[in-house]
Amino acid sequence: MDFTRRQVLAGLGAAAVGTILPSMSFGKSSGADAGKCPFRLAVINDEITQDFEKGCQVVAVDFGLSWIELRSMWSKNVTELNPKELGDAKKILDEHKLRVTDIASPLFKTDWPGAPRSPQSETRDQFHANFDANAQDKLLEKCIELTKTFNSDRIRCFDFWRLDDPRPYRAAINAKLQTAAERCAKDGVILVLENEMSCNTATGEEAAAVLKAIPNKNFMLNWDPGNAAALGSTPYPNGYDLIPKDRIGHCHCKDVVPKADHKYDWAPVGGGVVDWVGQLKALQRDGFHFGLSLETHWRGAGTPEASTRASMDGLKKALAKAGISC
């Protein structure tokens with residue numbers, strides 16, 4: 001993977017749709033603040049700091065938000081926190097009146113068994129988590145448990161390190177994702193697949209194909225325009241137009257500046273090639289009302305916290321230009 005990604009990481013058969021539990025909500029709900037922001041505006045906590053209490057203070061007090069996305073804290077992935085740490089995290093969330101959009105897990109961010117080793121395969125720590133293929137089922141159970149702990153209803157996942165030619169394995173990968181969605185449905189949990197440039201679904205075009213192959217209503221997309229742009233795709237309007245809008249269950253916000261030789265640099269929201277104003281208008285128009293999380297990645301302001309503050313400022317400016325009050 002290119003230097004920018006290493007820098008970021010170092011810093012930190014079809015089943016019946018009718019199996020979905022009736023308690024699960026996919027339509028419009030009170031998820032966003034009524035009469036105010038149409039989205040659950042949030043920040044991924046470890047983009048600010050590994051000090052969870054400090055991160056929550058920034059999100060709740062300085063940014064004035066009610067939602068946060070959980071990935072790692074205290075230099076541990078959220079899936080590896082012990083009972084005391086989980087209790088401490090819940091107490092901090094309660095003190096700051098923050099709700100959890102989703103568990104930003106590393107589920108299925110590993111090599112696909114039996115395939116040639118992916119050029120994107122990473123053996124180092126992934127946001128303080130490194131689970132091999134054999135650990136994925138156990139990891140899924142842990143993530144489901146965490147949704148109950150943090151009163152959330154969704155888990156973020158991936159679809160394995162990107163292969164040079166995923167076609168011989170795509171049907172099996174889809175079957176694995178579908179099985180995971182069916183397991184999640186038993187506990188009223190939504191599984192959201194992130195389009196990730198180092199995994200087998202990276203663009204809107206690829207995401208649309210996977211959603212078509214896996215019809216389960218609790219299998220949704222974590223749409224990340226920045227990741228799609230990093231691979232050279234045009235996420236909005238091109239990729240977005242192909243995605244079924246009722247299958248977008250979460251959205252990550254960051255920006256990217258393409259470089260030569262298919263490389264890229266991260267940028268603050270509004271400082272790159274993603275048409276965030278157009279994308280935000282489209283999300284509101286199409287009734288999206290779930291988590292809209294800042295995933296800063298850019299470190300141009302010197303520290304993760306300073307960079308996140310600058311990127312949040314860019315996101316809020318984009319929202320204002322889109323005519324959206326948040």
# chains A, B, ... in the order shown; residues from 1 in each chain; ligands from 1
>>> residues_around(residues="Cys56 (chain A)", least_positions_apart="3", cutoff="9 Å", atoms="only C-alpha atoms", output="PyMOL selection string")
chain A and resi 45+51-53+59-61+68+92-93+96+98
>>> write_last_selection(atoms="C-alpha atoms", output="compact mmCIF listing (two decimals), in the first residue's frame")
# COMPACT_ATOMS: atom_id res chain seq x y z
CA ASN A 45 -13.48 8.41 18.03
CA ASP A 51 -7.88 9.10 25.10
CA PHE A 52 -11.54 8.14 24.96
CA GLU A 53 -12.75 10.67 27.50
CA VAL A 59 -17.30 15.39 19.96
CA ALA A 60 -19.98 16.36 22.48
CA VAL A 61 -18.82 19.73 23.77
CA ILE A 68 -19.95 8.88 17.92
CA ILE A 92 -17.95 8.16 29.58
CA LEU A 93 -20.52 7.96 26.79
CA HIS A 96 -21.35 13.12 27.51
CA LEU A 98 -23.35 10.34 23.28
>>> residues_around(residues="Arg167 (chain A)", least_positions_apart="5", cutoff="12 Å", atoms="only C-alpha atoms", output="PyMOL selection string")
chain A and resi 115+162+172-174+200-201+206
>>> select_by_dssp(residues="region 40-226 of chain A", states="helix (DSSP H, G or I)", output="PyMOL selection string")
chain A and resi 45-47+52-62+78-80+83-95+133-149+170-185+204-213+225-226
>>> closest_residue(among="A:Gly55, A:Ile248, A:Thr296, A:Ser233", to="His262 (chain A)", atoms="only C-alpha atoms")
A:Ser233
>>> residues_around(residues="Arg154 (chain A)", least_positions_apart="6", cutoff="8 Å", atoms="only C-alpha atoms", output="list in words")
Thr101, Asp102, Ile103, Thr147, Val189, Ile190, Leu191 and Val192 of chain A
>>> write_last_selection(atoms="N, CA and C atoms", output="PDB file, in the first residue's frame")
ATOM      1  N   THR A 101     -23.204   5.226  16.780  1.00  0.00           N
ATOM      2  CA  THR A 101     -23.755   4.944  15.451  1.00  0.00           C
ATOM      3  C   THR A 101     -23.590   3.486  15.077  1.00  0.00           C
ATOM      4  N   ASP A 102     -22.395   2.944  15.339  1.00  0.00           N
ATOM      5  CA  ASP A 102     -22.092   1.567  14.936  1.00  0.00           C
ATOM      6  C   ASP A 102     -20.781   1.130  15.565  1.00  0.00           C
ATOM      7  N   ILE A 103     -20.535  -0.166  15.491  1.00  0.00           N
ATOM      8  CA  ILE A 103     -19.255  -0.730  15.905  1.00  0.00           C
ATOM      9  C   ILE A 103     -18.384  -0.800  14.659  1.00  0.00           C
ATOM     10  N   THR A 147     -22.774  -4.574  20.111  1.00  0.00           N
ATOM     11  CA  THR A 147     -23.941  -3.751  19.756  1.00  0.00           C
ATOM     12  C   THR A 147     -24.909  -3.669  20.931  1.00  0.00           C
ATOM     13  N   VAL A 189     -29.482  -7.015  14.204  1.00  0.00           N
ATOM     14  CA  VAL A 189     -28.314  -6.187  13.891  1.00  0.00           C
ATOM     15  C   VAL A 189     -28.173  -6.031  12.382  1.00  0.00           C
ATOM     16  N   ILE A 190     -27.781  -4.836  11.955  1.00  0.00           N
ATOM     17  CA  ILE A 190     -27.534  -4.532  10.549  1.00  0.00           C
ATOM     18  C   ILE A 190     -26.036  -4.624  10.285  1.00  0.00           C
ATOM     19  N   LEU A 191     -25.668  -5.317   9.227  1.00  0.00           N
ATOM     20  CA  LEU A 191     -24.269  -5.446   8.824  1.00  0.00           C
ATOM     21  C   LEU A 191     -24.010  -4.477   7.677  1.00  0.00           C
ATOM     22  N   VAL A 192     -23.092  -3.538   7.868  1.00  0.00           N
ATOM     23  CA  VAL A 192     -22.804  -2.548   6.828  1.00  0.00           C
ATOM     24  C   VAL A 192     -21.410  -2.800   6.255  1.00  0.00           C
TER      25      VAL A 192
END
>>> closest_atom_pairs(of="region 101-126 of chain A", to="region 139-142 of chain A", cutoff="9 Å", atoms="only C-alpha atoms", output="tab-separated table")
residue	atom	partner	partner_atom	distance
A:Ser105	CA	A:Leu139	CA	8.7
A:Pro106	CA	A:Leu139	CA	8.7
A:Leu107	CA	A:Leu139	CA	6.8
>>> write_last_selection(atoms="N, CA and C atoms", output="PDB file, in the first residue's frame")
ATOM      1  N   SER A 105     -15.884  -2.212  13.309  1.00  0.00           N
ATOM      2  CA  SER A 105     -15.041  -3.387  13.532  1.00  0.00           C
ATOM      3  C   SER A 105     -14.113  -3.648  12.343  1.00  0.00           C
ATOM      4  N   PRO A 106     -13.098  -4.499  12.543  1.00  0.00           N
ATOM      5  CA  PRO A 106     -12.234  -4.936  11.446  1.00  0.00           C
ATOM      6  C   PRO A 106     -12.724  -6.241  10.811  1.00  0.00           C
ATOM      7  N   LEU A 107     -14.002  -6.562  10.966  1.00  0.00           N
ATOM      8  CA  LEU A 107     -14.542  -7.835  10.506  1.00  0.00           C
ATOM      9  C   LEU A 107     -14.286  -8.046   9.013  1.00  0.00           C
TER      10      LEU A 107
END
>>> atom_distance(atom1="CA of Gln136 (chain A)", atom2="CA of Arg71 (chain A)")
16.6 Å
>>> select_by_dssp(residues="region 71-228 of chain A", states="strand (DSSP E or B)", output="PyMOL selection string")
chain A and resi 72-73+76-77+99-107+154-157+161+190-194+199+219-223
>>> residues_around(residues="region 322-324 of chain A", least_positions_apart="3", cutoff="10 Å", atoms="only C-alpha atoms", output="short mmCIF file (atom, residue, chain, number, x, y, z; two decimals) with C-alpha atoms, in the first residue's frame")
data_model
loop_
_atom_site.label_atom_id
_atom_site.label_comp_id
_atom_site.auth_asym_id
_atom_site.auth_seq_id
_atom_site.Cartn_x
_atom_site.Cartn_y
_atom_site.Cartn_z
CA LYS A 36 -32.54 19.57 13.02
CA CYS A 37 -29.80 17.58 11.30
CA PRO A 38 -31.24 14.87 9.03
CA PHE A 39 -28.18 12.71 9.69
CA TRP A 276 -19.23 16.72 -0.87
CA VAL A 277 -21.79 19.48 -1.35
CA GLY A 278 -23.47 17.52 -4.14
CA GLN A 279 -23.17 14.25 -2.23
CA LEU A 280 -24.72 15.69 0.92
CA LYS A 281 -27.59 17.22 -1.03
CA ALA A 282 -28.22 13.85 -2.67
CA GLN A 284 -30.73 14.36 2.10
CA LYS A 316 -19.85 21.71 8.43
CA LYS A 317 -19.12 24.24 5.69
CA ALA A 318 -20.08 21.66 3.06
CA LEU A 319 -23.31 20.95 4.94
#
>>> residues_around(residues="Gly114 (chain A)", least_positions_apart="4", cutoff="12 Å", atoms="only C-alpha atoms", output="VMD selection string")
chain A and resid 118 133 163 166 168 to 169 172 to 173
>>> write_last_selection(atoms="C-alpha atoms", output="compact mmCIF listing (two decimals), in the first residue's frame")
# COMPACT_ATOMS: atom_id res chain seq x y z
CA SER A 118 -3.40 -10.19 -1.86
CA ALA A 133 -9.35 -15.65 8.71
CA LEU A 163 -7.22 -9.60 -4.97
CA PRO A 166 -11.45 -11.59 -7.28
CA PRO A 168 -12.98 -16.82 -9.01
CA TYR A 169 -13.73 -16.11 -5.34
CA ALA A 172 -17.84 -17.51 -2.07
CA ILE A 173 -17.05 -14.12 -0.56
>>> atom_distance(atom1="CA of Pro237 (chain A)", atom2="CA of Val274 (chain A)")
9.6 Å
>>> residues_around(residues="region 307-312 of chain A", least_positions_apart="2", cutoff="12 Å", atoms="only C-alpha atoms", output="ChimeraX atom specification")
/A:41-49,55,58-59,62-65,253-256,266-272,292-305,314-319,326
>>> write_last_selection(atoms="N, CA and C atoms", output="tab-separated table (two decimals), in the first residue's frame")
chain	number	residue	atom	x	y	z
A	41	LEU	N	-24.88	12.91	12.68
A	41	LEU	CA	-23.54	13.45	12.47
A	41	LEU	C	-22.63	13.00	13.60
A	42	ALA	N	-21.47	12.41	13.22
A	42	ALA	CA	-20.60	11.77	14.20
A	42	ALA	C	-19.14	11.90	13.78
A	43	VAL	N	-18.27	11.41	14.64
A	43	VAL	CA	-16.84	11.30	14.36
A	43	VAL	C	-16.40	9.91	14.81
A	44	ILE	N	-15.51	9.28	14.05
A	44	ILE	CA	-14.89	8.05	14.53
A	44	ILE	C	-13.93	8.45	15.66
A	45	ASN	N	-14.13	7.89	16.83
A	45	ASN	CA	-13.48	8.41	18.03
A	45	ASN	C	-11.96	8.47	17.95
A	46	ASP	N	-11.33	7.43	17.40
A	46	ASP	CA	-9.87	7.40	17.45
A	46	ASP	C	-9.21	8.27	16.39
A	47	GLU	N	-10.02	8.93	15.55
A	47	GLU	CA	-9.45	9.93	14.64
A	47	GLU	C	-9.05	11.19	15.41
A	48	ILE	N	-9.54	11.31	16.63
A	48	ILE	CA	-9.22	12.46	17.48
A	48	ILE	C	-8.05	12.13	18.40
A	49	THR	N	-8.21	11.05	19.15
A	49	THR	CA	-7.21	10.65	20.15
A	49	THR	C	-7.55	9.26	20.66
A	55	GLY	N	-11.67	12.38	23.64
A	55	GLY	CA	-12.35	12.32	22.35
A	55	GLY	C	-13.84	12.60	22.46
A	58	VAL	N	-14.47	16.31	22.97
A	58	VAL	CA	-14.37	17.07	21.73
A	58	VAL	C	-15.64	16.90	20.90
A	59	VAL	N	-16.11	15.66	20.77
A	59	VAL	CA	-17.30	15.39	19.96
A	59	VAL	C	-18.54	16.06	20.55
A	62	ASP	N	-17.20	20.36	22.07
A	62	ASP	CA	-16.63	21.27	21.08
A	62	ASP	C	-17.38	21.22	19.74
A	63	PHE	N	-17.75	20.00	19.32
A	63	PHE	CA	-18.48	19.86	18.05
A	63	PHE	C	-19.99	19.92	18.22
A	64	GLY	N	-20.45	19.74	19.45
A	64	GLY	CA	-21.88	19.81	19.73
A	64	GLY	C	-22.69	18.68	19.12
A	65	LEU	N	-22.08	17.48	19.06
A	65	LEU	CA	-22.75	16.33	18.44
A	65	LEU	C	-23.32	15.38	19.50
A	253	CYS	N	-17.09	10.27	5.96
A	253	CYS	CA	-16.69	11.52	5.32
A	253	CYS	C	-15.19	11.74	5.45
A	254	LYS	N	-14.54	11.83	4.34
A	254	LYS	CA	-13.14	12.27	4.25
A	254	LYS	C	-12.92	12.72	2.82
A	255	ASP	N	-11.76	13.27	2.54
A	255	ASP	CA	-11.50	13.75	1.18
A	255	ASP	C	-10.12	13.27	0.74
A	256	VAL	N	-9.87	13.38	-0.55
A	256	VAL	CA	-8.67	12.80	-1.12
A	256	VAL	C	-8.18	13.64	-2.30
A	266	TRP	N	-4.63	11.99	1.58
A	266	TRP	CA	-5.88	12.38	2.22
A	266	TRP	C	-5.94	13.89	2.32
A	267	ALA	N	-7.12	14.43	2.48
A	267	ALA	CA	-7.31	15.88	2.57
A	267	ALA	C	-8.46	16.15	3.53
A	268	PRO	N	-8.55	17.36	4.06
A	268	PRO	CA	-9.72	17.70	4.88
A	268	PRO	C	-10.95	17.75	3.99
A	269	VAL	N	-12.11	17.49	4.55
A	269	VAL	CA	-13.34	17.54	3.77
A	269	VAL	C	-13.45	18.91	3.11
A	270	GLY	N	-13.68	18.89	1.80
A	270	GLY	CA	-13.74	20.13	1.03
A	270	GLY	C	-12.42	20.51	0.39
A	271	GLY	N	-11.36	19.78	0.73
A	271	GLY	CA	-10.03	20.09	0.20
A	271	GLY	C	-9.55	19.12	-0.85
A	272	GLY	N	-10.43	18.22	-1.29
A	272	GLY	CA	-10.05	17.22	-2.27
A	272	GLY	C	-11.01	17.17	-3.44
A	292	LEU	N	-23.50	9.70	9.68
A	292	LEU	CA	-22.60	10.41	8.77
A	292	LEU	C	-21.37	10.75	9.59
A	293	SER	N	-20.34	9.92	9.48
A	293	SER	CA	-19.20	9.99	10.40
A	293	SER	C	-17.97	10.56	9.72
A	294	LEU	N	-17.36	11.54	10.37
A	294	LEU	CA	-16.08	12.05	9.91
A	294	LEU	C	-15.00	11.03	10.20
A	295	GLU	N	-14.30	10.59	9.16
A	295	GLU	CA	-13.16	9.68	9.30
A	295	GLU	C	-11.94	10.44	8.76
A	296	THR	N	-11.36	11.26	9.59
A	296	THR	CA	-10.42	12.29	9.14
A	296	THR	C	-9.31	11.76	8.23
A	297	HIS	N	-8.52	10.81	8.72
A	297	HIS	CA	-7.35	10.23	8.05
A	297	HIS	C	-6.27	11.27	7.75
A	298	TRP	N	-6.64	12.41	7.24
A	298	TRP	CA	-5.67	13.49	6.95
A	298	TRP	C	-5.02	13.96	8.25
A	299	ARG	N	-3.71	14.22	8.18
A	299	ARG	CA	-2.99	14.67	9.37
A	299	ARG	C	-2.24	15.98	9.09
A	300	GLY	N	-2.72	16.75	8.13
A	300	GLY	CA	-2.01	17.94	7.70
A	300	GLY	C	-1.97	19.07	8.71
A	301	ALA	N	-2.82	19.03	9.73
A	301	ALA	CA	-2.81	20.09	10.74
A	301	ALA	C	-1.84	19.79	11.88
A	302	GLY	N	-1.12	18.67	11.77
A	302	GLY	CA	-0.07	18.37	12.73
A	302	GLY	C	-0.36	17.27	13.70
A	303	THR	N	-1.58	17.25	14.25
A	303	THR	CA	-1.98	16.20	15.18
A	303	THR	C	-3.33	15.65	14.74
A	304	PRO	N	-3.67	14.43	15.18
A	304	PRO	CA	-4.99	13.90	14.84
A	304	PRO	C	-6.12	14.82	15.29
A	305	GLU	N	-6.02	15.37	16.51
A	305	GLU	CA	-7.10	16.22	17.00
A	305	GLU	C	-7.21	17.51	16.18
A	314	GLY	N	-14.50	21.78	7.70
A	314	GLY	CA	-14.78	21.63	6.28
A	314	GLY	C	-16.09	20.91	6.02
A	315	LEU	N	-16.39	19.90	6.84
A	315	LEU	CA	-17.64	19.17	6.69
A	315	LEU	C	-18.83	20.07	7.01
A	316	LYS	N	-18.74	20.83	8.07
A	316	LYS	CA	-19.85	21.71	8.43
A	316	LYS	C	-20.07	22.81	7.38
A	317	LYS	N	-18.98	23.27	6.77
A	317	LYS	CA	-19.12	24.24	5.69
A	317	LYS	C	-19.79	23.61	4.48
A	318	ALA	N	-19.44	22.35	4.18
A	318	ALA	CA	-20.08	21.66	3.06
A	318	ALA	C	-21.57	21.46	3.33
A	319	LEU	N	-21.90	21.10	4.57
A	319	LEU	CA	-23.31	20.95	4.94
A	319	LEU	C	-24.06	22.27	4.78
A	326	CYS	N	-26.94	21.32	10.50
A	326	CYS	CA	-26.45	20.28	11.42
A	326	CYS	C	-25.60	20.94	12.51
>>> closest_residue(among="A:Asn77, A:Arg40, A:Lys176, A:Ala320", to="Gly249 (chain A)", atoms="only C-alpha atoms")
A:Arg40
>>> closest_residue(among="A:Ala260, A:Val78, A:Ile243, A:Ala230", to="Ala202 (chain A)", atoms="only C-alpha atoms")
A:Ala230
